[in-house]
Each structure stands twice: as C-alpha cells, then as structure tokens.
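Heads up, target.txt below (compact mmCIF, C-alpha atoms):
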```txt
# COMPACT_ATOMS: atom_id res chain seq x y z
CA MET A 23 95.34 109.30 160.00
CA GLY A 24 94.89 107.61 156.63
CA ASP A 25 97.54 106.32 154.27
CA HIS A 26 101.05 107.51 155.18
CA ALA A 27 102.91 105.87 152.31
CA GLY A 28 104.24 109.27 151.31
CA MET A 29 104.94 110.53 154.82
CA ILE A 30 108.40 111.84 155.55
CA HIS A 31 110.33 112.66 158.69
CA VAL A 32 112.68 115.62 158.89
CA ILE A 33 115.40 116.11 161.48
CA ALA A 34 116.84 119.62 161.33
CA THR A 35 119.95 120.09 163.45
CA ILE A 36 120.54 123.79 164.07
CA THR A 37 123.83 124.92 165.56
CA VAL A 38 123.51 128.33 167.16
CA LYS A 39 126.27 130.74 168.06
CA PRO A 40 127.66 130.24 171.58
CA GLY A 41 125.23 131.35 174.28
CA LYS A 42 122.45 132.14 171.79
CA ARG A 43 120.24 129.06 172.21
CA ASP A 44 117.64 130.70 174.46
CA ALA A 45 117.33 133.71 172.13
CA PHE A 46 117.02 131.38 169.14
CA LEU A 47 114.33 129.27 170.82
CA ALA A 48 112.30 132.38 171.63
CA GLU A 49 112.24 133.26 167.92
CA PHE A 50 111.64 129.66 166.86
CA HIS A 51 108.60 129.30 169.11
CA ARG A 52 107.08 132.36 167.40
CA VAL A 53 106.90 130.49 164.06
CA VAL A 54 105.77 127.07 165.35
CA PRO A 55 102.00 127.83 165.29
CA ASP A 56 102.25 129.04 161.68
CA VAL A 57 104.06 125.87 160.66
CA LEU A 58 101.65 123.56 162.48
CA ALA A 59 98.83 125.27 160.57
CA GLU A 60 100.41 124.45 157.19
CA ASP A 61 98.76 121.83 155.00
CA GLY A 62 100.56 118.55 155.41
CA CYS A 63 102.36 119.36 158.68
CA LEU A 64 101.87 116.44 161.07
CA ALA A 65 104.45 117.40 163.72
CA TYR A 66 106.92 120.23 164.20
CA GLY A 67 108.81 121.14 167.32
CA PRO A 68 112.23 121.93 168.78
CA ALA A 69 114.12 119.71 171.21
CA ILE A 70 117.41 120.04 173.09
CA ASP A 71 119.79 117.50 174.60
CA THR A 72 118.91 116.45 178.13
CA PRO A 73 121.11 114.51 180.54
CA SER A 74 120.00 110.90 180.82
CA GLY A 75 122.84 109.03 182.48
CA ILE A 76 122.63 106.51 179.61
CA PRO A 77 126.21 105.56 178.70
CA VAL A 78 125.79 105.64 174.92
CA GLN A 79 124.50 109.22 174.93
CA PRO A 80 127.18 111.58 173.60
CA ALA A 81 128.22 114.77 175.37
CA LEU A 82 125.42 117.32 175.70
CA ARG A 83 125.42 119.98 172.98
CA GLN A 84 124.71 123.35 174.56
CA ASP A 85 124.52 125.19 171.25
CA VAL A 86 122.30 122.79 169.29
CA VAL A 87 118.55 122.69 168.70
CA VAL A 88 117.06 119.67 166.94
CA VAL A 89 113.75 120.23 165.14
CA ILE A 90 111.68 117.07 164.78
CA GLU A 91 109.20 117.25 161.92
CA GLN A 92 106.68 115.03 160.14
CA TRP A 93 105.12 115.94 156.81
CA SER A 94 102.42 114.22 154.79
CA ASP A 95 104.70 114.17 151.74
CA LEU A 96 107.72 115.84 150.17
CA ALA A 97 105.54 118.40 148.39
CA ALA A 98 104.27 119.70 151.75
CA LEU A 99 107.85 120.07 152.97
CA ARG A 100 108.86 121.96 149.83
CA LEU A 101 105.94 124.38 150.29
CA HIS A 102 106.93 124.84 153.94
CA LEU A 103 110.47 125.85 152.99
CA GLU A 104 109.06 128.54 150.67
CA ALA A 105 106.44 129.86 153.11
CA PRO A 106 106.57 133.63 153.82
CA HIS A 107 106.61 133.05 157.58
CA MET A 108 109.72 130.89 157.17
CA ALA A 109 111.49 133.62 155.19
CA ALA A 110 110.65 136.09 157.98
CA TYR A 111 111.86 133.62 160.62
CA ARG A 112 115.16 133.04 158.79
CA GLU A 113 115.72 136.79 158.66
CA ARG A 114 115.09 137.10 162.42
CA VAL A 115 117.50 134.31 163.38
CA LYS A 116 120.28 134.82 160.82
CA ASP A 117 122.60 136.43 163.37
CA LEU A 118 121.95 133.65 165.93
CA VAL A 119 122.52 130.61 163.70
CA ALA A 120 125.94 129.17 162.86
CA GLY A 121 124.71 126.29 160.68
CA VAL A 122 121.81 124.03 159.72
CA GLN A 123 121.84 120.38 158.68
CA LEU A 124 118.69 118.76 157.30
CA GLN A 125 117.94 115.04 157.20
CA VAL A 126 114.91 114.06 155.12
CA LEU A 127 113.83 110.49 155.85
CA GLN A 128 111.10 108.07 154.85
CA PRO A 129 109.65 105.37 157.08
CA ALA A 130 111.42 102.04 156.52
```
Reformat the file's structure so that it appears as structure tokens.
Amino acid sequence: MGDHAGMIHVIATITVKPGKRDAFLAEFHRVVPDVLAEDGCLAYGPAIDTPSGIPVQPALRQDVVVVIEQWSDLAALRLHLEAPHMAAYRERVKDLVAGVQLQVLQPA
C-alpha cells in the first residue's frame, strides 16, 4: 500500500432519531460506493453495536451508527467533506439524524 505516514483514521459516531436507524442506513449505503471511489479513501463503512457477552462492552446503542473510515491523508478527508455526493447525502438524512461526532486520528 506504500507509505502511510500521512494516513488518518476517522470514527464518525452518528446518533439517529429513535427508530430511524434502518432508514438512515438505507440512505447511507447509497453513498458508500461514491465515497469508496474518492481519491485517498482506503476504507469507509457503517457499523452498529452487536451483543458480545463481553463484560466490558457498554449497553447496546439502538440509535447509533459508527462509520469507520481510513484516508490517505487529511487533504483527502477535507475533499470528501466537500464532495457534492456528501452534500446530497446530508440533505437526504437531515431529518433522520440527531447528532454527529467526528474523531480524526493518526496511527500511533
């Protein structure tokens, strides 16, 4: 994969309105292929809590979707956030989403 000195990880935690997670995921999956096709996108996909029986796992969050992303560098992420398909996606999900928290991380 080459030199990943500039690679970053992004964890986006999206809280949806009660009972809206399935509708949100349907819209989210529509934009995933466009994002994966972006220059610098190494990984991009949604995940939801799953029961594990592991004691340290907190209570399952029924109204949360976590998006796990990898980008070649911060510039690629910035371009992603400005992409037209992301603006269209945000418009489609605005009535489903209660809040978004973004963590931008570098390998340590």
Residues of stretch 94-127 of chain A that have any atom at most 9 Å from an atom of stretch 48-72 of chain A: could you tabulate them with the shortest-distance atom pair and the distance in Å to one decimal, using only C-alpha atoms, ordered by chain and increasing number, as CSV?
```
residue,atom,partner,partner_atom,distance
A:Ser94,CA,A:Gly62,CA,4.8
A:Asp95,CA,A:Gly62,CA,7.1
A:Ala97,CA,A:Gly62,CA,8.6
A:Ala98,CA,A:Gly62,CA,5.3
A:Leu99,CA,A:Gly62,CA,7.8
A:Leu101,CA,A:Glu60,CA,8.8
A:His102,CA,A:Glu60,CA,7.3
A:Ala105,CA,A:Val57,CA,8.9
A:His107,CA,A:Val53,CA,7.0
A:Met108,CA,A:Val53,CA,7.5
A:Tyr111,CA,A:Val53,CA,6.8
A:Arg114,CA,A:Glu49,CA,7.3
A:Val115,CA,A:Glu49,CA,7.0
```
Mind checking which residues fall within 12 Å of A:Pro73, counting all atoms listed in the file, ignoring those fewer than 5 positions away in the same chain, and posting them as a PyMOL selection string?
chain A and resi 78-84
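Interatomic distance, atom CA of A:Thr35 to atom CA of A:Leu47: 13.0 Å.
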Taking into account all atoms listed in the file, which residue in the set A:Val87, A:Gly75, A:Val32, A:Glu104 is nearest to A:Ala120?
A:Val87
Point-to-point distance in Å for atom CA of A:Gln125 and atom CA of A:Phe46
20.3 Å
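In this model, the gap between atom CA of A:Val122 and atom CA of A:Ile36 comes to 4.5 Å.
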